[in-house]
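*Asks:* Quick one, work-v3.txt (compact mmCIF, C-alpha atoms):
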# COMPACT_ATOMS: atom_id res chain seq x y z
CA MET A 1 0.00 0.00 0.00
CA THR A 2 1.36 3.39 -0.99
CA VAL A 3 -0.11 6.38 0.82
CA LEU A 4 0.66 9.74 -0.75
CA ALA A 5 2.57 11.93 1.72
CA PRO A 6 3.86 15.51 1.90
CA GLN A 7 7.40 15.98 0.66
CA PRO A 8 10.14 16.11 3.32
CA PRO A 9 11.68 19.53 4.06
CA GLY A 10 14.56 20.39 1.76
CA ILE A 11 12.86 20.19 -1.64
CA PRO A 12 13.60 23.05 -4.05
CA THR A 13 11.05 25.80 -3.47
CA GLY A 14 12.17 28.63 -5.76
CA THR A 15 12.35 32.30 -4.82
CA ARG A 16 9.59 34.13 -2.92
CA SER A 17 8.13 37.07 -4.86
CA LYS A 18 6.96 40.21 -3.08
CA ALA A 19 3.58 39.98 -4.77
CA ALA A 20 2.93 36.56 -3.24
CA ALA A 21 4.25 37.44 0.24
CA PRO A 22 0.77 37.65 1.84
CA TYR A 23 -0.06 34.22 0.38
CA TRP A 24 3.02 32.63 1.95
CA GLU A 25 2.45 34.44 5.26
CA GLY A 26 -1.08 33.00 5.27
CA CYS A 27 0.30 29.50 4.70
CA ARG A 28 2.69 29.89 7.64
CA ARG A 29 -0.21 30.61 10.00
CA GLY A 30 -2.41 27.90 8.42
CA GLU A 31 -4.69 30.10 6.34
CA LEU A 32 -5.29 29.80 2.58
CA LEU A 33 -5.58 33.19 0.89
CA TYR A 34 -6.44 34.14 -2.67
CA GLN A 35 -6.24 37.38 -4.57
CA ARG A 36 -9.38 38.89 -6.04
CA CYS A 37 -9.78 42.01 -8.20
CA ALA A 38 -11.95 44.75 -6.67
CA SER A 39 -13.00 45.91 -10.14
CA CYS A 40 -13.87 42.75 -12.09
CA ALA A 41 -13.92 40.12 -9.27
CA ALA A 42 -11.55 37.81 -11.17
CA VAL A 43 -9.22 35.66 -9.08
CA ASN A 44 -5.53 36.02 -9.97
CA MET A 45 -4.00 32.54 -9.99
CA LYS A 46 -0.58 34.19 -10.00
CA PRO A 47 -0.44 36.83 -7.25
CA ALA A 48 0.20 40.16 -8.92
CA ARG A 49 0.15 43.92 -8.44
CA SER A 50 -2.51 44.48 -11.10
CA CYS A 51 -5.34 42.25 -12.29
CA ALA A 52 -4.42 39.85 -15.11
CA ALA A 53 -8.00 39.97 -16.40
CA CYS A 54 -8.84 43.69 -16.44
CA GLY A 55 -5.67 45.55 -15.43
CA GLY A 56 -7.34 46.89 -12.27
CA ALA A 57 -4.87 48.07 -9.65
CA GLU A 58 -6.95 47.27 -6.57
CA LEU A 59 -6.40 43.65 -5.57
CA THR A 60 -7.56 42.31 -2.23
CA TRP A 61 -6.63 39.16 -0.33
CA ALA A 62 -9.57 36.96 0.65
CA HIS A 63 -9.84 34.02 3.05
CA SER A 64 -10.62 30.59 1.62
CA GLU A 65 -12.28 27.90 3.73
CA GLY A 66 -9.81 25.53 2.07
CA GLN A 67 -12.30 23.00 0.74
CA GLY A 68 -12.95 22.03 -2.85
CA THR A 69 -13.01 19.27 -5.44
CA LEU A 70 -10.27 17.48 -7.33
CA TYR A 71 -10.21 18.93 -10.87
CA SER A 72 -7.17 17.16 -12.35
CA TRP A 73 -4.17 15.21 -11.12
CA THR A 74 -1.19 13.11 -12.13
CA VAL A 75 0.83 10.54 -10.21
CA VAL A 76 4.56 11.08 -10.72
CA TRP A 77 6.93 8.10 -10.57
CA ARG A 78 9.99 9.79 -12.06
CA PRO A 79 10.79 12.77 -9.82
CA GLN A 80 11.62 16.20 -11.16
CA HIS A 81 14.53 16.29 -8.71
CA PRO A 82 15.97 13.49 -6.53
CA THR A 83 14.89 15.24 -3.32
CA PHE A 84 11.26 14.44 -4.16
CA GLN A 85 9.91 11.13 -2.85
CA VAL A 86 7.82 9.14 -5.33
CA PRO A 87 5.04 8.60 -5.92
CA TYR A 88 3.63 12.08 -5.52
CA ALA A 89 0.42 13.50 -6.94
CA PRO A 90 0.47 17.07 -8.27
CA ALA A 91 -3.09 18.26 -8.69
CA ILE A 92 -5.35 21.15 -9.52
CA VAL A 93 -8.09 21.69 -6.92
CA GLU A 94 -11.18 23.78 -7.65
CA LEU A 95 -11.88 25.65 -4.41
CA ASP A 96 -15.46 26.26 -3.28
CA GLU A 97 -14.86 30.01 -3.56
CA GLY A 98 -14.46 29.51 -7.32
CA PHE A 99 -10.78 29.41 -8.17
CA TRP A 100 -8.19 26.82 -9.20
CA LEU A 101 -5.06 26.08 -7.20
CA MET A 102 -1.94 24.11 -8.06
CA THR A 103 -1.18 21.71 -5.18
CA ALA A 104 -0.58 18.03 -4.42
CA ILE A 105 -2.87 15.41 -2.87
CA VAL A 106 -1.81 13.53 0.27
CA GLY A 107 -3.37 11.07 2.71
CA CYS A 108 -4.75 8.50 0.27
CA GLU A 109 -3.55 5.90 -2.20
CA PRO A 110 -3.00 6.91 -5.84
CA GLU A 111 -5.80 4.54 -6.88
CA GLU A 112 -8.31 6.49 -4.79
CA LEU A 113 -7.92 9.66 -6.85
CA ARG A 114 -10.97 10.44 -8.97
CA ALA A 115 -12.70 13.44 -10.47
CA ASP A 116 -14.66 15.65 -8.07
CA LEU A 117 -13.18 13.99 -4.97
CA ARG A 118 -13.87 16.31 -2.02
CA VAL A 119 -10.63 17.58 -0.48
CA ALA A 120 -9.52 19.96 2.28
CA VAL A 121 -6.34 21.94 2.74
CA GLU A 122 -3.61 21.10 5.25
CA PHE A 123 -0.22 22.72 5.64
CA HIS A 124 3.23 21.15 5.80
CA PRO A 125 6.66 22.80 6.02
CA ALA A 126 8.89 22.44 2.95
CA GLY A 127 11.90 23.97 4.70
CA ASP A 128 12.75 26.65 7.23
CA GLU A 129 10.84 29.38 5.39
CA VAL A 130 8.17 27.83 3.22
CA VAL A 131 4.96 26.15 4.36
CA LEU A 132 3.01 24.51 1.55
CA PRO A 133 -0.71 23.89 1.18
CA TYR A 134 -1.54 20.27 0.36
CA PHE A 135 -5.01 18.73 0.09
CA ARG A 136 -6.41 15.55 1.66
CA PRO A 137 -9.63 13.70 0.78
CA ILE A 138 -12.55 14.28 3.17
CA ASP A 139 -15.86 12.44 3.51
CA MET B 1 11.84 42.50 -40.77
CA ILE B 2 11.68 41.21 -44.33
CA ALA B 3 8.15 42.51 -44.93
CA PHE B 4 9.19 46.00 -43.76
CA GLY B 5 12.29 46.03 -45.94
CA GLU B 6 14.73 46.06 -43.02
CA CYS B 7 16.56 43.10 -44.52
CA GLU B 8 16.31 40.64 -47.36
CA VAL B 9 17.53 37.37 -45.88
CA VAL B 10 17.09 36.10 -42.31
CA LEU B 11 18.80 33.06 -40.85
CA ILE B 12 17.08 31.52 -37.84
CA ALA B 13 19.36 29.02 -36.15
CA ALA B 14 19.25 27.07 -32.89
CA GLY B 15 21.44 24.46 -31.28
CA GLY B 16 21.83 22.62 -28.01
CA ALA B 17 24.46 20.33 -26.52
CA ALA B 18 25.87 19.30 -23.13
CA MET B 19 22.87 20.78 -21.34
CA TYR B 20 21.49 17.65 -19.70
CA THR B 21 24.20 16.53 -17.29
CA GLU B 22 22.40 16.09 -13.94
CA ARG B 23 20.79 12.77 -14.79
CA SER B 24 19.15 12.20 -11.42
CA ALA B 25 16.82 15.11 -12.24
CA THR B 26 14.71 15.66 -15.33
CA ALA B 27 16.25 17.82 -18.10
CA PRO B 28 16.91 21.41 -16.95
CA TRP B 29 14.48 22.98 -19.44
CA THR B 30 11.64 20.81 -18.07
CA ARG B 31 11.92 22.12 -14.50
CA PRO B 32 9.98 25.29 -13.64
CA SER B 33 11.46 27.70 -11.10
CA ASN B 34 8.28 29.51 -10.06
CA GLU B 35 7.46 29.53 -6.35
CA LEU B 36 3.86 28.31 -6.85
CA VAL B 37 4.82 25.37 -9.07
CA MET B 38 8.32 24.14 -8.24
CA PRO B 39 7.65 22.89 -4.67
CA TYR B 40 5.08 20.42 -6.00
CA GLY B 41 7.72 18.63 -8.05
CA MET B 42 6.25 19.85 -11.30
CA PHE B 43 7.99 19.37 -14.64
CA THR B 44 6.73 19.33 -18.18
CA ALA B 45 5.42 15.75 -18.14
CA ALA B 46 3.33 16.50 -15.05
CA GLU B 47 2.07 19.81 -16.45
CA PHE B 48 0.91 18.18 -19.68
CA ALA B 49 -0.54 15.21 -17.77
CA LEU B 50 -2.90 17.57 -15.94
CA MET B 51 -4.32 18.66 -19.30
CA ALA B 52 -4.53 15.10 -20.65
CA ARG B 53 -6.38 13.91 -17.54
CA ARG B 54 -9.17 16.48 -18.04
CA HIS B 55 -9.63 15.38 -21.64
CA MET B 56 -9.81 11.73 -20.56
CA LEU B 57 -12.42 12.61 -17.92
CA GLU B 58 -14.48 14.80 -20.20
CA TYR B 59 -14.41 12.82 -23.44
CA GLY B 60 -13.47 9.28 -22.43
CA THR B 61 -10.11 9.40 -24.22
CA THR B 62 -8.25 6.19 -23.36
CA ALA B 63 -4.71 5.15 -22.49
CA ASP B 64 -4.82 2.86 -25.57
CA GLN B 65 -5.52 5.85 -27.83
CA LEU B 66 -2.62 7.80 -26.31
CA ALA B 67 -0.35 4.77 -26.77
CA LEU B 68 -1.38 4.44 -30.42
CA VAL B 69 -0.26 8.03 -31.01
CA ALA B 70 3.13 7.39 -29.40
CA ALA B 71 3.60 4.18 -31.40
CA THR B 72 2.73 5.98 -34.64
CA VAL B 73 5.13 8.88 -34.10
CA ARG B 74 7.93 6.67 -32.78
CA ASN B 75 7.56 4.30 -35.73
CA ASN B 76 7.94 7.30 -38.06
CA GLY B 77 11.28 7.88 -36.34
CA HIS B 78 12.19 4.18 -36.30
CA VAL B 79 12.34 4.09 -40.12
CA ASN B 80 13.99 7.52 -40.48
CA PRO B 81 17.78 7.21 -40.90
CA GLU B 82 18.14 10.84 -39.73
CA ALA B 83 16.32 10.21 -36.43
CA VAL B 84 18.34 9.90 -33.22
CA TYR B 85 16.19 6.88 -32.34
CA CYS B 86 16.33 5.31 -35.82
CA GLY B 87 15.97 1.53 -35.54
CA ARG B 88 14.83 1.63 -31.92
CA GLY B 89 11.40 0.15 -32.78
CA PRO B 90 9.07 -0.78 -34.21
CA PHE B 91 6.63 -0.19 -31.38
CA THR B 92 3.14 -1.51 -30.77
CA PRO B 93 0.74 0.36 -28.47
CA ARG B 94 1.34 -2.50 -26.00
CA ASP B 95 5.08 -1.71 -25.98
CA ILE B 96 4.24 1.89 -25.12
CA LEU B 97 1.97 0.88 -22.22
CA ASP B 98 4.58 -1.59 -20.95
CA SER B 99 7.21 1.14 -20.56
CA ARG B 100 7.58 2.56 -17.05
CA MET B 101 5.20 5.23 -15.80
CA ILE B 102 6.60 8.77 -15.65
CA ALA B 103 3.60 10.99 -14.83
CA ASP B 104 0.28 9.21 -15.13
CA PRO B 105 -1.11 8.86 -17.83
CA PHE B 106 2.25 9.27 -19.58
CA HIS B 107 4.58 6.28 -19.82
CA LEU B 108 8.24 6.76 -20.73
CA LEU B 109 7.64 6.13 -24.44
CA GLU B 110 4.84 8.75 -24.51
CA CYS B 111 7.29 11.52 -23.60
CA SER B 112 9.77 13.39 -25.76
CA MET B 113 13.34 12.22 -25.42
CA THR B 114 16.45 14.38 -25.02
CA SER B 115 19.29 14.66 -27.50
CA GLU B 116 21.78 17.16 -28.86
CA GLY B 117 21.55 18.91 -32.19
CA GLY B 118 20.91 22.02 -34.17
CA CYS B 119 18.90 23.27 -37.11
CA ALA B 120 18.24 26.42 -39.12
CA ILE B 121 15.77 28.07 -41.45
CA VAL B 122 16.42 30.74 -44.09
CA LEU B 123 13.68 33.27 -44.79
CA THR B 124 13.70 35.71 -47.67
CA THR B 125 11.51 37.72 -50.01
CA ALA B 126 9.40 36.15 -52.75
CA GLU B 127 11.58 37.88 -55.33
CA ARG B 128 14.85 36.62 -53.88
CA ALA B 129 13.40 33.12 -53.47
CA GLY B 130 12.58 33.04 -57.17
CA ASP B 131 16.18 32.35 -58.20
CA ALA B 132 17.20 30.25 -55.20
CA ALA B 133 19.09 27.05 -55.85
CA THR B 134 16.53 24.97 -53.97
CA LYS B 135 12.77 24.93 -54.34
CA PRO B 136 11.28 27.56 -52.04
CA VAL B 137 8.34 26.81 -49.77
CA TRP B 138 5.82 29.56 -49.09
CA ILE B 139 4.42 30.81 -45.79
CA LEU B 140 0.64 30.89 -46.15
CA GLY B 141 -0.03 32.01 -42.59
CA GLY B 142 1.39 32.06 -39.09
CA ALA B 143 0.06 32.98 -35.65
CA GLY B 144 0.62 32.40 -31.96
CA ASP B 145 -1.77 31.84 -29.08
CA THR B 146 -1.23 31.97 -25.30
CA TYR B 147 -3.19 31.70 -22.05
CA GLY B 148 -0.65 33.09 -19.62
CA PRO B 149 2.87 32.55 -18.35
CA ALA B 150 3.89 28.93 -18.88
CA TYR B 151 4.67 26.85 -15.79
CA VAL B 152 3.37 29.61 -13.52
CA VAL B 153 -0.38 29.62 -14.11
CA PRO B 154 -1.62 26.05 -13.54
CA PRO B 155 -2.53 24.14 -16.73
CA VAL B 156 -6.31 24.26 -16.31
CA TRP B 157 -8.14 22.83 -19.34
CA ASP B 158 -11.20 25.04 -18.76
CA LEU B 159 -9.32 28.30 -18.26
CA ARG B 160 -10.78 30.90 -20.64
CA GLY B 161 -9.01 33.81 -22.24
CA ARG B 162 -10.42 37.29 -22.23
CA GLY B 163 -13.50 37.68 -24.41
CA ASP B 164 -13.78 34.24 -25.93
CA ASP B 165 -15.04 30.79 -25.13
CA ILE B 166 -12.13 28.63 -26.25
CA PRO B 167 -10.71 26.67 -23.29
CA ALA B 168 -6.96 26.69 -22.65
CA GLY B 169 -6.93 22.97 -23.52
CA TYR B 170 -7.43 24.07 -27.13
CA VAL B 171 -4.71 26.71 -27.07
CA GLY B 172 -3.63 27.16 -30.69
CA ARG B 173 -7.18 27.01 -32.09
CA ARG B 174 -7.26 30.78 -32.60
CA ALA B 175 -3.84 30.64 -34.26
CA ALA B 176 -4.92 27.88 -36.64
CA GLN B 177 -8.12 29.74 -37.52
CA LYS B 178 -6.08 32.85 -38.30
CA CYS B 179 -3.71 30.83 -40.51
CA PHE B 180 -6.59 29.25 -42.40
CA ASP B 181 -8.24 32.67 -42.83
CA LEU B 182 -5.01 34.22 -44.15
CA ALA B 183 -4.55 31.34 -46.60
CA GLY B 184 -8.19 30.98 -47.63
CA LEU B 185 -7.91 27.30 -46.78
CA GLY B 186 -9.40 24.89 -44.24
CA PRO B 187 -8.39 21.71 -42.42
CA ASP B 188 -9.49 19.54 -45.37
CA ASP B 189 -6.81 21.21 -47.53
CA VAL B 190 -3.95 20.09 -45.29
CA ASP B 191 -1.96 17.15 -46.71
CA VAL B 192 0.42 16.61 -43.81
CA ALA B 193 0.34 17.82 -40.19
CA GLU B 194 3.73 18.34 -38.61
CA LEU B 195 2.37 18.52 -35.08
CA TYR B 196 4.63 19.24 -32.11
CA ASP B 197 4.72 16.07 -30.00
CA PRO B 198 6.12 16.69 -26.50
CA PHE B 199 3.69 14.04 -25.19
CA SER B 200 1.33 11.56 -26.84
CA PHE B 201 -1.85 13.39 -25.84
CA GLU B 202 -0.76 16.61 -27.55
CA ILE B 203 -1.42 15.09 -30.97
CA ILE B 204 -4.99 14.20 -30.02
CA ARG B 205 -5.86 17.63 -28.68
CA GLN B 206 -4.26 19.40 -31.66
CA LEU B 207 -6.30 17.32 -34.13
CA GLU B 208 -9.36 18.71 -32.35
CA ALA B 209 -8.04 22.25 -31.79
CA TYR B 210 -7.24 22.80 -35.46
CA GLY B 211 -10.51 21.33 -36.74
CA PHE B 212 -9.29 18.04 -38.24
CA CYS B 213 -12.02 16.39 -36.16
CA ASP B 214 -14.68 17.47 -33.67
CA ASP B 215 -13.99 18.21 -30.01
CA GLY B 216 -13.55 14.96 -28.12
CA GLU B 217 -13.13 12.93 -31.34
CA GLY B 218 -9.33 12.98 -31.43
CA GLY B 219 -9.03 9.54 -29.83
CA PRO B 220 -11.47 7.82 -32.23
CA PHE B 221 -9.89 9.77 -35.15
CA VAL B 222 -6.55 8.21 -34.26
CA GLU B 223 -8.09 4.75 -33.79
CA ASP B 224 -9.64 4.98 -37.24
CA GLY B 225 -6.16 5.10 -38.73
CA HIS B 226 -6.21 8.67 -40.02
CA ILE B 227 -2.72 9.55 -38.73
CA ALA B 228 -1.15 6.25 -39.86
CA PRO B 229 1.43 6.42 -42.69
CA GLU B 230 -1.22 5.62 -45.31
CA GLY B 231 -3.96 7.56 -43.54
CA ARG B 232 -5.77 10.76 -44.48
CA LEU B 233 -3.45 12.94 -42.36
CA PRO B 234 0.07 11.70 -41.62
CA VAL B 235 1.49 13.50 -38.56
CA THR B 236 4.98 14.29 -37.28
CA THR B 237 6.51 12.28 -40.08
CA ASP B 238 10.18 12.35 -39.02
CA GLY B 239 9.50 10.97 -35.54
CA GLY B 240 9.27 14.33 -33.80
CA THR B 241 10.60 15.05 -30.34
CA MET B 242 9.85 11.47 -29.30
CA SER B 243 12.26 9.94 -31.80
CA TYR B 244 13.82 12.37 -34.28
CA SER B 245 15.48 15.01 -32.03
CA HIS B 246 14.86 17.12 -28.95
CA ALA B 247 17.86 19.28 -28.11
CA GLY B 248 16.16 21.52 -25.54
CA ILE B 249 15.00 25.14 -25.23
CA ASN B 250 14.50 26.25 -28.85
CA VAL B 251 15.92 23.75 -31.29
CA GLN B 252 12.93 21.45 -31.43
CA MET B 253 10.61 24.43 -31.83
CA LEU B 254 11.89 24.94 -35.39
CA GLN B 255 11.79 21.34 -36.42
CA ARG B 256 8.13 20.97 -37.36
CA VAL B 257 8.50 23.83 -39.84
CA ILE B 258 11.70 22.32 -41.24
CA ARG B 259 10.03 18.97 -41.74
CA GLY B 260 7.04 20.73 -43.32
CA VAL B 261 9.42 22.37 -45.80
CA GLN B 262 11.00 18.99 -46.59
CA GLN B 263 7.54 17.47 -47.16
CA LEU B 264 6.50 20.21 -49.58
CA ARG B 265 9.80 19.91 -51.44
CA GLY B 266 9.33 16.16 -51.75
CA ALA B 267 12.70 15.80 -50.02
CA CYS B 268 11.92 13.49 -47.09
CA PRO B 269 14.07 10.34 -47.00
CA THR B 270 11.18 8.43 -45.41
CA MET B 271 7.47 8.98 -44.90
CA GLN B 272 7.25 11.39 -47.83
CA VAL B 273 3.57 12.26 -48.36
CA ALA B 274 2.92 12.00 -52.11
CA ASP B 275 2.21 15.32 -53.82
CA ALA B 276 1.98 17.22 -50.52
CA GLU B 277 0.99 20.83 -51.23
CA VAL B 278 -0.09 22.16 -47.82
CA ALA B 279 1.53 21.46 -44.45
CA LEU B 280 0.38 22.61 -41.02
CA CYS B 281 3.23 22.95 -38.50
CA SER B 282 3.06 23.70 -34.79
CA ASN B 283 5.01 24.08 -31.59
CA GLY B 284 4.30 24.66 -27.91
CA GLY B 285 1.53 22.75 -26.19
CA SER B 286 -1.33 22.76 -23.73
CA GLY B 287 0.80 22.17 -20.63
CA ALA B 288 2.82 25.26 -21.53
CA LEU B 289 -0.31 27.33 -22.26
CA PHE B 290 0.94 28.45 -25.67
CA THR B 291 0.88 27.11 -29.22
CA ASP B 292 2.21 28.57 -32.48
CA VAL B 293 0.87 27.45 -35.83
CA MET B 294 2.29 27.95 -39.32
CA LEU B 295 0.72 26.96 -42.61
CA LEU B 296 3.12 26.24 -45.48
CA GLY B 297 2.39 25.81 -49.18
CA SER B 298 4.31 24.38 -52.14
CA GLU B 299 2.95 27.04 -54.50
CA ARG B 300 3.24 30.81 -54.30
CA PRO B 301 -0.06 32.18 -52.87
Render the structure in this file as structure tokens.

*Replies:*
Amino acid sequence: MTVLAPQPPGIPTGTRSKAAAPYWEGCRRGELLYQRCASCAAVNMKPARSCAACGGAELTWAHSEGQGTLYSWTVVWRPQHPTFQVPYAPAIVELDEGFWLMTAIVGCEPEELRADLRVAVEFHPAGDEVVLPYFRPID
Amino acid sequence: MIAFGECEVVLIAAGGAAMYTERSATAPWTRPSNELVMPYGMFTAAEFALMARRHMLEYGTTADQLALVAATVRNNGHVNPEAVYCGRGPFTPRDILDSRMIADPFHLLECSMTSEGGCAIVLTTAERAGDAATKPVWILGGAGDTYGPAYVVPPVWDLRGRGDDIPAGYVGRRAAQKCFDLAGLGPDDVDVAELYDPFSFEIIRQLEAYGFCDDGEGGPFVEDGHIAPEGRLPVTTDGGTMSYSHAGINVQMLQRVIRGVQQLRGACPTMQVADAEVALCSNGGSGALFTDVMLLGSERP
């Protein structure tokens, strides 16, 4: 039996952008945030200083309850980098607030993954600085 | 530059070698560095798999259909003496499915390989081309299409661009439509499709995106033999990035156009499509949220 698990600390995590700083601060205190445009209400999947949809300059951070459905996934057996433990399951979750998030699924076997599976966020450290949102199936 | 008279002849060249040295990781150009993507162990195979999965869920596209695509393209390379993987087949769909899993649904043989190499294209004016030593091939149309920064925005099939209803899964559809409009042609006029093949599924979604079949019919279209060597629409006839060459970054992005030129000149050593007059060439892909399309013709428009 293979249960999908969060990656151990030490994986490559890239460089933190200033635009996404509130997102990462939210993750560190266990809160999932998303950025919405005050003008057109679009959610920016890439945190930015102006809205990718309408160019509006007023973007606000909103609280997500952290629940949604599994939109798409893959199970990786050949890791991008040797620090990643296989298998792992990168996924796109559709949050109940109406936006998509890149993440990974943990806490179940790869065979249990299916479309529209209900999932909830949980947070795990990826190193000294970065805490990552993962999602786990819920009843 | 040529159209505005800034120059008469342009050489576009690309090459790659000694780039893939850290073999315990995937090739450097497949690994995104963005903070929202990198920590989830993403790389190109996983990005494209997220698109393929949605198509399989929505339209019932099967692993067997994906494997048939990979076998077809790899067999085109198997017989091509210029392919890096010449003689490495032939492959049946079963062989493809028996290779190890990389990023579900993609097995090893459904992914592009890595190699070294280089290639170049020369562009010039119609007048200058008239007395060239080799038979010129004509650009009938070209266009690009994108849905956002690649490997930053997640590859969501249903993502919509501003002001239209084409999902990101069909990125390139607008570009193909523009090419067909510029040329006054349609999908039925295309004799050979040099489709960019980073992963097996990309052929299926491009057949749909460019109008060679209806949405969701790419899998059955492939099963009906249309992309086979003797089929209605041979694809990626040199073996593509799966078998011919994939030297990283930019080299492979030129190769569909180069093969399209060879097809329209009747100069292919293998898999020459008889009397080919119109070739559709592409690069990019759904997982990267961009696709470029170029339509080439054997006759001056």

*Asks:* Hey, list the chain B side of the contact with chain A: 8 Å cut-off, all atoms listed in the file, answer as a PDB file with C-alpha atoms, keeping the file's coordinate frame.

*Replies:*
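Done, and the output landed in result-v4.pdb:
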ATOM      1  CA  SER B  24      19.150  12.200 -11.420  1.00  0.00           C
ATOM      2  CA  ALA B  25      16.820  15.110 -12.240  1.00  0.00           C
ATOM      3  CA  THR B  26      14.710  15.660 -15.330  1.00  0.00           C
ATOM      4  CA  ARG B  31      11.920  22.120 -14.500  1.00  0.00           C
ATOM      5  CA  SER B  33      11.460  27.700 -11.100  1.00  0.00           C
ATOM      6  CA  ASN B  34       8.280  29.510 -10.060  1.00  0.00           C
ATOM      7  CA  GLU B  35       7.460  29.530  -6.350  1.00  0.00           C
ATOM      8  CA  LEU B  36       3.860  28.310  -6.850  1.00  0.00           C
ATOM      9  CA  VAL B  37       4.820  25.370  -9.070  1.00  0.00           C
ATOM     10  CA  MET B  38       8.320  24.140  -8.240  1.00  0.00           C
ATOM     11  CA  PRO B  39       7.650  22.890  -4.670  1.00  0.00           C
ATOM     12  CA  TYR B  40       5.080  20.420  -6.000  1.00  0.00           C
ATOM     13  CA  GLY B  41       7.720  18.630  -8.050  1.00  0.00           C
ATOM     14  CA  MET B  42       6.250  19.850 -11.300  1.00  0.00           C
ATOM     15  CA  PHE B  43       7.990  19.370 -14.640  1.00  0.00           C
ATOM     16  CA  ALA B  46       3.330  16.500 -15.050  1.00  0.00           C
ATOM     17  CA  ALA B  49      -0.540  15.210 -17.770  1.00  0.00           C
ATOM     18  CA  LEU B  50      -2.900  17.570 -15.940  1.00  0.00           C
ATOM     19  CA  MET B  51      -4.320  18.660 -19.300  1.00  0.00           C
ATOM     20  CA  ARG B  53      -6.380  13.910 -17.540  1.00  0.00           C
ATOM     21  CA  ARG B  54      -9.170  16.480 -18.040  1.00  0.00           C
ATOM     22  CA  LEU B  57     -12.420  12.610 -17.920  1.00  0.00           C
ATOM     23  CA  MET B 101       5.200   5.230 -15.800  1.00  0.00           C
ATOM     24  CA  ILE B 102       6.600   8.770 -15.650  1.00  0.00           C
ATOM     25  CA  ALA B 103       3.600  10.990 -14.830  1.00  0.00           C
ATOM     26  CA  ASP B 104       0.280   9.210 -15.130  1.00  0.00           C
ATOM     27  CA  PRO B 105      -1.110   8.860 -17.830  1.00  0.00           C
ATOM     28  CA  VAL B 152       3.370  29.610 -13.520  1.00  0.00           C
ATOM     29  CA  VAL B 153      -0.380  29.620 -14.110  1.00  0.00           C
ATOM     30  CA  PRO B 154      -1.620  26.050 -13.540  1.00  0.00           C
ATOM     31  CA  VAL B 156      -6.310  24.260 -16.310  1.00  0.00           C
ATOM     32  CA  ARG B 162     -10.420  37.290 -22.230  1.00  0.00           C
TER      33      ARG B 162
END

*Asks:* Write out as an MDAnalysis selection string each polymer residue whose atoms come within 12 Å of Met19 in chain B, counting all atoms listed in the file; drop sequence neighbours fewer than 5 positions from it.

*Replies:* chainID B and resid 26:30 114:117 246:249

*Asks:* Report, in Å to a single decimal, how far apart CA of Tyr34 in chain A and CA of Ala120 in chain A are.

*Replies:*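 Result for CA of Ala120 in chain A versus CA of Tyr34 in chain A: 15.3 Å, one decimal.
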
*Asks:* Which one of A:Phe123, A:Val3, A:Ala19, A:Ser50 sits closest to Val106 in chain A if you count only C-alpha atoms?

*Replies:*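 Nearest candidate to Val106 in chain A out of A:Phe123, A:Val3, A:Ala19, A:Ser50: A:Val3.
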
*Asks:* Between CA of His63 in chain A and CA of Pro137 in chain A, what is the distance, to one decimal in Å?

*Replies:*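 Atom-to-atom, CA of His63 in chain A to CA of Pro137 in chain A, that is 20.4 Å.
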